[in-house]
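J.: Just so it is clear, I am handing over run_12.csv, which has CSV, C-alpha atoms.
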```
chain,number,residue,atom,x,y,z
A,1,MET,CA,35.9,-22.6,18.1
A,2,SER,CA,35.4,-20.2,15.2
A,3,VAL,CA,34.2,-16.7,15.5
A,4,ILE,CA,30.7,-17.8,14.3
A,5,ASP,CA,30.6,-20.4,17.0
A,6,VAL,CA,31.4,-17.9,19.7
A,7,VAL,CA,28.8,-15.4,18.4
A,8,SER,CA,26.2,-18.2,18.2
A,9,VAL,CA,26.8,-19.3,21.8
A,10,LEU,CA,26.6,-15.7,23.0
A,11,LEU,CA,23.3,-15.2,21.3
A,12,LEU,CA,21.9,-18.5,22.7
A,13,VAL,CA,23.0,-17.4,26.2
A,14,ALA,CA,21.3,-14.0,25.7
A,15,GLY,CA,18.1,-15.8,24.5
A,16,THR,CA,18.2,-18.0,27.6
A,17,PHE,CA,18.5,-14.9,29.8
A,18,PHE,CA,15.3,-13.5,28.3
A,19,PHE,CA,13.4,-16.8,28.7
A,20,LEU,CA,14.5,-17.0,32.3
A,21,ALA,CA,13.6,-13.4,33.0
A,22,GLY,CA,10.2,-13.9,31.3
A,23,SER,CA,9.6,-16.9,33.5
A,24,THR,CA,10.7,-15.0,36.6
A,25,GLY,CA,8.2,-12.3,35.7
A,26,VAL,CA,5.4,-14.8,35.4
A,27,LEU,CA,6.3,-16.0,38.9
A,28,ARG,CA,7.0,-12.6,40.5
A,29,PHE,CA,4.5,-10.3,38.9
A,30,PRO,CA,1.3,-9.8,40.9
A,31,ASP,CA,-1.6,-10.3,38.5
A,32,VAL,CA,-2.7,-11.6,35.1
A,33,TYR,CA,-2.0,-8.4,33.2
A,34,THR,CA,1.5,-7.9,34.4
A,35,ARG,CA,2.3,-11.5,33.8
A,36,LEU,CA,1.2,-11.2,30.2
A,37,HIS,CA,3.7,-8.4,29.8
A,38,ALA,CA,6.5,-10.7,30.8
A,39,LEU,CA,5.3,-13.6,28.6
A,40,THR,CA,4.7,-11.7,25.4
A,41,LYS,CA,7.7,-9.4,25.4
A,42,ALA,CA,10.5,-11.3,27.0
A,43,ASP,CA,9.8,-14.5,25.2
A,44,ASN,CA,9.6,-12.8,21.8
A,45,LEU,CA,13.0,-11.3,22.3
A,46,GLY,CA,14.4,-14.5,23.8
A,47,LEU,CA,13.2,-16.5,20.8
A,48,GLY,CA,14.6,-13.9,18.5
A,49,PHE,CA,18.1,-14.4,20.0
A,50,PHE,CA,17.7,-18.2,19.7
A,51,VAL,CA,16.7,-18.0,16.0
A,52,ILE,CA,19.6,-15.7,15.1
A,53,GLY,CA,22.0,-17.8,17.2
A,54,LEU,CA,20.8,-21.1,15.6
A,55,SER,CA,20.7,-19.6,12.1
A,56,LEU,CA,24.5,-19.1,12.3
A,57,ARG,CA,25.0,-22.8,12.6
A,58,ALA,CA,22.2,-24.0,10.3
A,59,ASP,CA,23.0,-26.4,7.5
A,60,SER,CA,20.8,-24.8,4.9
A,61,TRP,CA,19.0,-21.6,4.2
A,62,VAL,CA,15.6,-23.4,4.2
A,63,VAL,CA,16.1,-24.2,7.9
A,64,VAL,CA,16.8,-20.5,8.6
A,65,VAL,CA,13.6,-19.5,6.8
A,66,LYS,CA,11.7,-22.1,8.7
A,67,MET,CA,13.0,-20.7,12.0
A,68,VAL,CA,12.1,-17.2,11.0
A,69,LEU,CA,8.7,-18.4,10.0
A,70,ILE,CA,8.2,-20.0,13.5
A,71,TRP,CA,9.4,-16.8,15.1
A,72,ALA,CA,6.9,-14.7,13.1
A,73,LEU,CA,4.1,-17.1,14.0
A,74,VAL,CA,5.0,-17.0,17.7
A,75,ILE,CA,5.0,-13.2,17.7
A,76,VAL,CA,1.6,-13.0,16.0
A,77,ALA,CA,0.1,-15.7,18.2
A,78,GLY,CA,1.7,-14.3,21.4
A,79,ALA,CA,0.4,-10.7,20.8
A,80,THR,CA,-3.0,-12.0,19.8
A,81,ALA,CA,-3.4,-14.4,22.7
A,82,GLY,CA,-2.1,-11.7,25.1
A,83,HIS,CA,-4.7,-9.3,23.8
A,84,LEU,CA,-7.5,-11.9,24.1
A,85,VAL,CA,-6.5,-13.0,27.6
A,86,ALA,CA,-6.2,-9.4,28.8
A,87,GLU,CA,-9.6,-8.5,27.3
A,88,ALA,CA,-11.2,-11.6,28.8
A,89,ALA,CA,-9.8,-10.7,32.2
A,90,ARG,CA,-10.9,-7.1,31.9
A,91,THR,CA,-14.5,-7.9,30.7
A,92,SER,CA,-14.9,-10.5,33.5
A,93,GLY,CA,-14.0,-7.8,36.0
A,94,VAL,CA,-10.5,-8.7,37.1
A,95,VAL,CA,-9.2,-5.5,38.7
A,96,PRO,CA,-5.6,-4.7,37.9
A,97,TRP,CA,-3.1,-4.8,40.8
A,98,ARG,CA,-2.1,-1.4,41.9
A,99,LYS,CA,1.1,-0.4,43.7
A,100,PRO,CA,0.3,0.3,47.4
A,101,ARG,CA,0.6,4.0,48.1
B,102,MET,CA,-10.8,2.2,-2.0
B,103,PRO,CA,-10.1,3.1,-5.6
B,104,GLY,CA,-10.8,0.3,-8.0
B,105,SER,CA,-13.2,-0.2,-10.9
B,106,THR,CA,-15.1,-3.4,-11.3
B,107,GLN,CA,-12.5,-4.5,-13.9
B,108,LEU,CA,-9.7,-4.1,-11.4
B,109,LEU,CA,-11.6,-6.0,-8.8
B,110,SER,CA,-12.4,-9.0,-11.0
B,111,ALA,CA,-8.7,-9.2,-12.1
B,112,ALA,CA,-7.8,-9.3,-8.4
B,113,GLN,CA,-10.4,-11.9,-7.8
B,114,ALA,CA,-9.0,-14.1,-10.5
B,115,ARG,CA,-5.5,-13.8,-9.2
B,116,ARG,CA,-6.4,-14.4,-5.6
B,117,PRO,CA,-6.5,-18.2,-5.5
B,118,VAL,CA,-3.3,-18.5,-7.4
B,119,GLU,CA,-1.5,-16.0,-5.1
B,120,ARG,CA,-2.6,-17.9,-2.0
B,121,ALA,CA,-1.8,-21.3,-3.4
B,122,LEU,CA,1.7,-20.1,-4.2
B,123,LEU,CA,2.0,-18.6,-0.7
B,124,PHE,CA,1.0,-21.9,1.0
B,125,ALA,CA,3.2,-23.9,-1.4
B,126,GLY,CA,6.1,-21.7,-0.2
B,127,VAL,CA,5.2,-22.4,3.4
B,128,TRP,CA,5.1,-26.1,2.8
B,129,PHE,CA,8.4,-26.0,1.0
B,130,VAL,CA,9.9,-24.4,4.1
B,131,VAL,CA,8.2,-26.5,6.6
B,132,ALA,CA,9.2,-29.7,4.8
B,133,GLU,CA,12.8,-28.3,4.4
B,134,ALA,CA,12.7,-28.7,0.6
B,135,ASP,CA,12.1,-32.5,0.8
B,136,LEU,CA,10.6,-33.3,-2.6
B,137,SER,CA,9.0,-36.6,-1.4
B,138,SER,CA,6.9,-34.7,1.1
B,139,TRP,CA,4.7,-33.3,-1.7
B,140,THR,CA,2.4,-36.3,-1.5
B,141,PHE,CA,1.2,-34.6,1.7
B,142,GLY,CA,2.0,-31.1,0.6
B,143,VAL,CA,-0.3,-30.9,-2.4
B,144,PRO,CA,-3.5,-31.7,-0.4
B,145,PHE,CA,-2.3,-29.4,2.3
B,146,VAL,CA,-1.9,-26.5,-0.1
B,147,LEU,CA,-5.3,-27.1,-1.6
B,148,VAL,CA,-7.1,-27.3,1.7
B,149,ALA,CA,-5.3,-24.3,3.1
B,150,THR,CA,-6.1,-22.3,0.0
B,151,ILE,CA,-9.8,-23.2,0.1
B,152,ALA,CA,-9.9,-22.5,3.9
B,153,SER,CA,-8.1,-19.1,3.4
B,154,LEU,CA,-10.5,-18.0,0.6
B,155,ARG,CA,-13.5,-18.9,2.7
B,156,LEU,CA,-12.3,-17.2,5.9
B,157,THR,CA,-10.9,-14.1,4.3
B,158,PRO,CA,-12.3,-13.8,0.8
B,159,ALA,CA,-11.3,-10.2,0.1
B,160,ARG,CA,-8.3,-8.2,1.1
B,161,GLU,CA,-8.9,-4.5,0.5
B,162,TRP,CA,-5.6,-3.4,1.9
B,163,ARG,CA,-2.1,-3.2,0.5
B,164,ILE,CA,1.3,-2.8,2.0
B,165,ARG,CA,3.7,-0.2,0.9
B,166,PRO,CA,7.2,-1.6,0.6
B,167,ALA,CA,9.0,1.5,2.0
B,168,GLY,CA,6.5,1.8,4.8
B,169,ALA,CA,7.0,-1.9,5.6
B,170,LEU,CA,10.7,-1.5,5.9
B,171,ARG,CA,10.3,1.5,8.2
B,172,TYR,CA,7.7,-0.4,10.3
B,173,ALA,CA,10.0,-3.5,10.5
B,174,TRP,CA,12.9,-1.4,11.7
B,175,PHE,CA,10.7,0.4,14.3
B,176,PHE,CA,9.2,-3.0,15.4
B,177,ALA,CA,12.6,-4.6,15.7
B,178,HIS,CA,14.2,-2.0,18.0
B,179,GLN,CA,11.0,-1.4,19.9
B,180,SER,CA,10.6,-5.1,20.7
B,181,VAL,CA,14.2,-5.3,21.8
B,182,ALA,CA,13.6,-2.3,24.1
B,183,GLY,CA,10.3,-3.9,25.3
B,184,GLY,CA,12.0,-7.2,26.1
B,185,PHE,CA,14.9,-5.6,28.0
B,186,ASP,CA,12.5,-3.4,29.9
B,187,VAL,CA,10.2,-6.2,31.2
B,188,ALA,CA,13.1,-8.6,31.8
B,189,LEU,CA,15.0,-6.1,34.0
B,190,ARG,CA,11.8,-5.2,35.9
B,191,ALA,CA,11.1,-8.9,36.5
B,192,ILE,CA,14.6,-9.7,37.9
B,193,ARG,CA,15.2,-6.6,40.0
B,194,PRO,CA,14.7,-7.4,43.7
B,195,SER,CA,12.6,-4.2,44.1
B,196,LEU,CA,10.2,-5.3,41.3
B,197,PRO,CA,9.8,-1.7,39.9
B,198,ILE,CA,6.3,-1.8,38.5
B,199,ASP,CA,3.4,0.7,38.9
B,200,PRO,CA,0.7,-0.7,36.6
B,201,LYS,CA,-2.6,0.8,35.4
B,202,LEU,CA,-5.3,0.5,32.7
B,203,VAL,CA,-5.4,3.4,30.3
B,204,CYS,CA,-7.4,4.2,27.2
B,205,TYR,CA,-6.0,5.6,24.0
B,206,ARG,CA,-8.2,7.4,21.4
B,207,LEU,CA,-7.2,5.9,18.1
B,208,ARG,CA,-6.6,8.1,15.1
B,209,ILE,CA,-6.4,5.1,12.7
B,210,GLY,CA,-9.7,4.0,11.1
B,211,PRO,CA,-9.6,0.6,9.2
B,212,GLU,CA,-10.1,-2.5,11.2
B,213,HIS,CA,-7.0,-4.4,10.0
B,214,ALA,CA,-4.8,-1.4,10.9
B,215,ARG,CA,-6.3,-1.2,14.4
B,216,VAL,CA,-5.6,-4.9,14.9
B,217,LEU,CA,-2.0,-4.4,13.9
B,218,VAL,CA,-1.7,-1.3,16.2
B,219,ALA,CA,-3.0,-3.4,19.1
B,220,ASP,CA,-0.6,-6.3,18.4
B,221,THR,CA,2.4,-3.9,18.0
B,222,VAL,CA,1.6,-2.0,21.2
B,223,SER,CA,1.8,-5.3,23.1
B,224,LEU,CA,5.5,-5.7,22.1
B,225,LEU,CA,6.5,-2.2,23.1
B,226,PRO,CA,8.0,-1.4,26.4
B,227,GLY,CA,5.4,-1.5,29.1
B,228,THR,CA,2.2,-1.6,27.2
B,229,LEU,CA,-0.2,-4.5,26.6
B,230,SER,CA,-3.4,-4.1,24.5
B,231,ALA,CA,-6.5,-5.3,26.4
B,232,GLY,CA,-9.4,-4.4,24.1
B,233,ILE,CA,-10.6,-2.3,21.2
B,234,GLU,CA,-14.0,-0.6,21.5
B,235,GLU,CA,-15.0,1.8,18.8
B,236,ASP,CA,-12.3,4.5,18.8
B,237,SER,CA,-10.7,3.5,22.1
B,238,LEU,CA,-7.8,1.1,22.6
B,239,THR,CA,-7.6,-0.1,26.2
B,240,MET,CA,-4.1,-0.8,27.3
B,241,HIS,CA,-2.5,-2.1,30.4
B,242,VAL,CA,0.6,-0.1,31.3
B,243,LEU,CA,3.3,-1.7,33.4
B,244,ASP,CA,4.7,1.6,34.7
B,245,CYS,CA,2.9,4.9,34.7
B,246,GLY,CA,6.2,6.7,34.3
B,247,LEU,CA,6.6,5.3,30.8
B,248,PRO,CA,5.9,7.7,27.8
B,249,VAL,CA,2.9,5.6,26.7
B,250,GLU,CA,1.1,8.3,24.7
B,251,GLU,CA,4.1,9.1,22.6
B,252,GLY,CA,4.9,5.4,22.1
B,253,THR,CA,1.3,4.6,21.0
B,254,ARG,CA,1.2,7.6,18.6
B,255,LEU,CA,4.4,6.4,17.0
B,256,VAL,CA,2.9,2.9,16.6
B,257,GLU,CA,-0.1,4.4,14.8
B,258,GLU,CA,2.1,6.5,12.6
B,259,HIS,CA,4.2,3.5,11.5
B,260,VAL,CA,1.1,1.4,10.9
B,261,ALA,CA,-0.5,4.2,8.8
B,262,ASP,CA,2.8,4.5,6.9
B,263,LEU,CA,2.8,0.7,6.3
B,264,PHE,CA,-0.7,0.6,4.8
B,265,GLY,CA,-0.5,4.0,3.3
B,266,ILE,CA,-3.6,5.4,5.1
B,267,GLU,CA,-4.3,8.8,6.7
B,268,LEU,CA,-4.7,9.4,10.4
B,269,ALA,CA,-7.6,11.4,11.8
B,270,GLU,CA,-6.8,14.8,13.2
B,271,GLU,CA,-8.6,14.1,16.4
B,272,GLY,CA,-7.4,11.6,19.0
B,273,GLY,CA,-3.9,10.3,19.6
B,274,THR,CA,-4.3,11.0,23.3
B,275,ILE,CA,-4.6,9.0,26.5
B,276,GLY,CA,-8.0,9.8,27.8
B,277,PRO,CA,-10.5,8.7,30.4
B,278,CYS,CA,-11.5,5.0,30.2
B,279,GLU,CA,-15.0,3.6,30.3
B,280,VAL,CA,-16.9,3.3,33.5
B,281,GLY,CA,-15.6,0.8,36.0
B,282,SER,CA,-12.0,1.1,34.9
B,283,VAL,CA,-9.2,2.3,37.1
B,284,GLY,CA,-8.6,5.7,35.5
B,285,THR,CA,-5.6,6.9,33.6
B,286,CYS,CA,-1.9,7.5,34.2
B,287,GLY,CA,-1.1,11.0,35.4
B,288,ILE,CA,-4.7,12.2,34.8
B,289,GLY,CA,-7.5,12.4,37.2
B,290,SER,CA,-7.6,11.6,40.9
B,291,GLU,CA,-4.2,10.0,41.3
B,292,GLY,CA,-3.7,11.7,44.7
B,293,ALA,CA,-7.2,11.2,45.9
B,294,ARG,CA,-7.1,7.4,45.6
```
Could you show the structure in this file as structure tokens?

T.:
Amino acid sequence: MSVIDVVSVLLLVAGTFFFLAGSTGVLRFPDVYTRLHALTKADNLGLGFFVIGLSLRADSWVVVVKMVLIWALVIVAGATAGHLVAEAARTSGVVPWRKPR
Amino acid sequence: MPGSTQLLSAAQARRPVERALLFAGVWFVVAEADLSSWTFGVPFVLVATIASLRLTPAREWRIRPAGALRYAWFFAHQSVAGGFDVALRAIRPSLPIDPKLVCYRLRIGPEHARVLVADTVSLLPGTLSAGIEEDSLTMHVLDCGLPVEEGTRLVEEHVADLFGIELAEEGGTIGPCEVGSVGTCGIGSEGAR
């Protein structure tokens, strides 16, 4: 394995970790707002690691640009959808979970 | 915005060409430079250009290249921090979260800049935008202990830098939310609740 292969595998493993952690958050967090945090932020970072890791083994630069384009669209779509879901939950009266004191 | 009628009409004439070129570039990337795909690509570019001109005819804002670089750097390391923060909270057995809704008084005026502030805030550690009403950005905070006010101020400053716009003197603070909300981090009747 070349150095690039090793770095690529490490980045893919890191990306997997963030997707797993994000999914764990969706399962463990108590309400819609906290789950949105896990979805938007962890997945954005996980996908970023995937894109960089896969770019290292891409055949052409067009494929790299395509993956970066997908990443950018996912970031914009994720942030916008997160905002809209949180706003819809808030305006329809979903009370955020509070830590028991 | 500064701009005589002459400047505007020149921009108007350029607009369809700029957008068509942009969509042609997108198609080139999506089709992975396959020349035979342009049978589908040319109609796609035309339809996308017409749709784009109808949906957002004018664009009164411009991006400053130096500001864009500073914003991109800020965005990159903040989203890494945001991802790490929420991932660690999600997998820790103790689930260390202490969430709350807060309201931030925006210093930034233009609509497009506010939307970008809201979207950027959602990728920062522990904040999620949950609505913009007038000057107030409602955010859900994952942990009251996080420096939310400083973080949001920084986002506003970078977005203002990106578009080359001035921030208002007033605002830039976490304040009381609208009626029916749950109050704000560190302010108000935390102990009484």

J.: State, in Å with one decimal place, the distance from CA of Glu133 in chain B to CA of Asp59 in chain A.

T.: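 According to the coordinates, CA of Glu133 in chain B and CA of Asp59 in chain A are separated by 10.8 Å.
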
J.: Give me the residues within 12 Å of range 16-18 of chain A as a PDB file with C-alpha atoms, keeping the file's coordinate frame, counting all atoms listed in the file and dropping any in the same chain fewer than 5 places off.

T.:
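What landed in part-v8.pdb:
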```pdb
ATOM      1  CA  VAL A   9      26.800 -19.300  21.800  1.00  0.00           C
ATOM      2  CA  LEU A  10      26.600 -15.700  23.000  1.00  0.00           C
ATOM      3  CA  LEU A  11      23.300 -15.200  21.300  1.00  0.00           C
ATOM      4  CA  SER A  23       9.600 -16.900  33.500  1.00  0.00           C
ATOM      5  CA  THR A  24      10.700 -15.000  36.600  1.00  0.00           C
ATOM      6  CA  GLY A  25       8.200 -12.300  35.700  1.00  0.00           C
ATOM      7  CA  ALA A  38       6.500 -10.700  30.800  1.00  0.00           C
ATOM      8  CA  LEU A  39       5.300 -13.600  28.600  1.00  0.00           C
ATOM      9  CA  THR A  40       4.700 -11.700  25.400  1.00  0.00           C
ATOM     10  CA  LYS A  41       7.700  -9.400  25.400  1.00  0.00           C
ATOM     11  CA  ALA A  42      10.500 -11.300  27.000  1.00  0.00           C
ATOM     12  CA  ASP A  43       9.800 -14.500  25.200  1.00  0.00           C
ATOM     13  CA  ASN A  44       9.600 -12.800  21.800  1.00  0.00           C
ATOM     14  CA  LEU A  45      13.000 -11.300  22.300  1.00  0.00           C
ATOM     15  CA  GLY A  46      14.400 -14.500  23.800  1.00  0.00           C
ATOM     16  CA  LEU A  47      13.200 -16.500  20.800  1.00  0.00           C
ATOM     17  CA  GLY A  48      14.600 -13.900  18.500  1.00  0.00           C
ATOM     18  CA  PHE A  49      18.100 -14.400  20.000  1.00  0.00           C
ATOM     19  CA  PHE A  50      17.700 -18.200  19.700  1.00  0.00           C
ATOM     20  CA  VAL A  51      16.700 -18.000  16.000  1.00  0.00           C
ATOM     21  CA  GLY A  53      22.000 -17.800  17.200  1.00  0.00           C
TER      22      GLY A  53
ATOM     23  CA  VAL B 181      14.200  -5.300  21.800  1.00  0.00           C
ATOM     24  CA  GLY B 183      10.300  -3.900  25.300  1.00  0.00           C
ATOM     25  CA  GLY B 184      12.000  -7.200  26.100  1.00  0.00           C
ATOM     26  CA  PHE B 185      14.900  -5.600  28.000  1.00  0.00           C
ATOM     27  CA  ASP B 186      12.500  -3.400  29.900  1.00  0.00           C
ATOM     28  CA  VAL B 187      10.200  -6.200  31.200  1.00  0.00           C
ATOM     29  CA  ALA B 188      13.100  -8.600  31.800  1.00  0.00           C
ATOM     30  CA  LEU B 189      15.000  -6.100  34.000  1.00  0.00           C
ATOM     31  CA  ARG B 190      11.800  -5.200  35.900  1.00  0.00           C
ATOM     32  CA  ALA B 191      11.100  -8.900  36.500  1.00  0.00           C
ATOM     33  CA  ILE B 192      14.600  -9.700  37.900  1.00  0.00           C
TER      34      ILE B 192
END
```

J.: Taking all atoms listed in the file into account, report as a ChimeraX atom specification which residues of chain A lie within 8 Å of chain B.

T.: /A:18,21-22,24-25,28-29,33-34,36-38,40-45,62-63,65-66,76,79-80,82-87,90,95-99

J.: Name the residues in contact with Pro166 in chain B at a cut-off of 8 Å, using all atoms listed in the file, excluding same-chain residues fewer than 3 positions from it; report them as an NGL selection string.

T.: :B and (169-170 or 263)

J.: Between CA of Leu238 in chain B and CA of Tyr205 in chain B, what is the distance in Å, rounded to a tenth?

T.: 5.0 Å

J.: Please determine, counting only C-alpha atoms, which residue among B:Gly168, B:Glu250, B:Val256, B:Phe145 has the shortest atom-to-atom distance to Gly273 in chain B.

T.: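 Ranking B:Gly168, B:Glu250, B:Val256, B:Phe145 by distance to Gly273 in chain B, first place goes to B:Glu250.
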
J.: Suppose you want the space between CA of Ala214 in chain B and CA of Arg254 in chain B; what is it in Å?

T.: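 Atom-to-atom, CA of Ala214 in chain B to CA of Arg254 in chain B, that is 13.3 Å.
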
J.: B:His259, B:Arg116, B:Arg206, B:His213: which is nearest Ala159 in chain B, counting only C-alpha atoms?

T.: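 Between B:His259, B:Arg116, B:Arg206, B:His213, the residue approaching Ala159 in chain B most closely is B:Arg116.
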
J.: Between A:Ala88, A:Leu20, A:Asp31, A:Leu56, which one has atoms that come closest to Val6 in chain A, using only C-alpha atoms?

T.: A:Leu56

J.: Could you add N, CA and C atoms to range 11-32 of chain A and give me the result as a short mmCIF file (atom, residue, chain, number, x, y, z; two decimals), in the coordinates of the input?

T.:
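Contents of the output file out_5.cif:
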```
data_model
loop_
_atom_site.label_atom_id
_atom_site.label_comp_id
_atom_site.auth_asym_id
_atom_site.auth_seq_id
_atom_site.Cartn_x
_atom_site.Cartn_y
_atom_site.Cartn_z
N LEU A 11 24.70 -15.51 21.55
CA LEU A 11 23.30 -15.20 21.30
C LEU A 11 22.37 -16.21 21.97
N LEU A 12 22.78 -17.48 22.02
CA LEU A 12 21.90 -18.50 22.70
C LEU A 12 21.88 -18.19 24.21
N VAL A 13 23.00 -17.74 24.77
CA VAL A 13 23.00 -17.40 26.20
C VAL A 13 22.09 -16.18 26.43
N ALA A 14 22.16 -15.19 25.53
CA ALA A 14 21.30 -14.00 25.70
C ALA A 14 19.82 -14.45 25.58
N GLY A 15 19.51 -15.36 24.63
CA GLY A 15 18.10 -15.80 24.50
C GLY A 15 17.67 -16.53 25.78
N THR A 16 18.55 -17.35 26.36
CA THR A 16 18.20 -18.00 27.60
C THR A 16 17.92 -17.04 28.71
N PHE A 17 18.73 -15.96 28.76
CA PHE A 17 18.50 -14.90 29.80
C PHE A 17 17.09 -14.39 29.69
N PHE A 18 16.64 -14.09 28.45
CA PHE A 18 15.30 -13.50 28.30
C PHE A 18 14.19 -14.47 28.65
N PHE A 19 14.39 -15.76 28.28
CA PHE A 19 13.40 -16.80 28.70
C PHE A 19 13.31 -16.89 30.19
N LEU A 20 14.48 -16.91 30.82
CA LEU A 20 14.50 -17.00 32.30
C LEU A 20 13.87 -15.80 32.94
N ALA A 21 14.20 -14.60 32.41
CA ALA A 21 13.60 -13.40 33.00
C ALA A 21 12.13 -13.36 32.79
N GLY A 22 11.67 -13.81 31.60
CA GLY A 22 10.20 -13.90 31.30
C GLY A 22 9.53 -14.80 32.32
N SER A 23 10.15 -15.96 32.54
CA SER A 23 9.60 -16.90 33.50
C SER A 23 9.58 -16.37 34.91
N THR A 24 10.67 -15.66 35.25
CA THR A 24 10.70 -15.00 36.60
C THR A 24 9.60 -14.01 36.72
N GLY A 25 9.34 -13.27 35.64
CA GLY A 25 8.20 -12.30 35.70
C GLY A 25 6.91 -12.97 35.92
N VAL A 26 6.69 -14.11 35.25
CA VAL A 26 5.40 -14.80 35.40
C VAL A 26 5.25 -15.23 36.90
N LEU A 27 6.37 -15.62 37.52
CA LEU A 27 6.30 -16.00 38.90
C LEU A 27 6.16 -14.84 39.88
N ARG A 28 6.87 -13.74 39.57
CA ARG A 28 7.00 -12.60 40.50
C ARG A 28 5.88 -11.58 40.37
N PHE A 29 5.43 -11.34 39.14
CA PHE A 29 4.50 -10.30 38.90
C PHE A 29 3.13 -10.61 39.59
N PRO A 30 2.40 -9.58 40.01
CA PRO A 30 1.30 -9.80 40.90
C PRO A 30 -0.06 -10.24 40.27
N ASP A 31 -0.32 -9.92 39.00
CA ASP A 31 -1.60 -10.30 38.50
C ASP A 31 -1.53 -10.72 36.99
N VAL A 32 -2.69 -11.07 36.42
CA VAL A 32 -2.70 -11.60 35.10
C VAL A 32 -2.14 -10.65 34.04
#
```
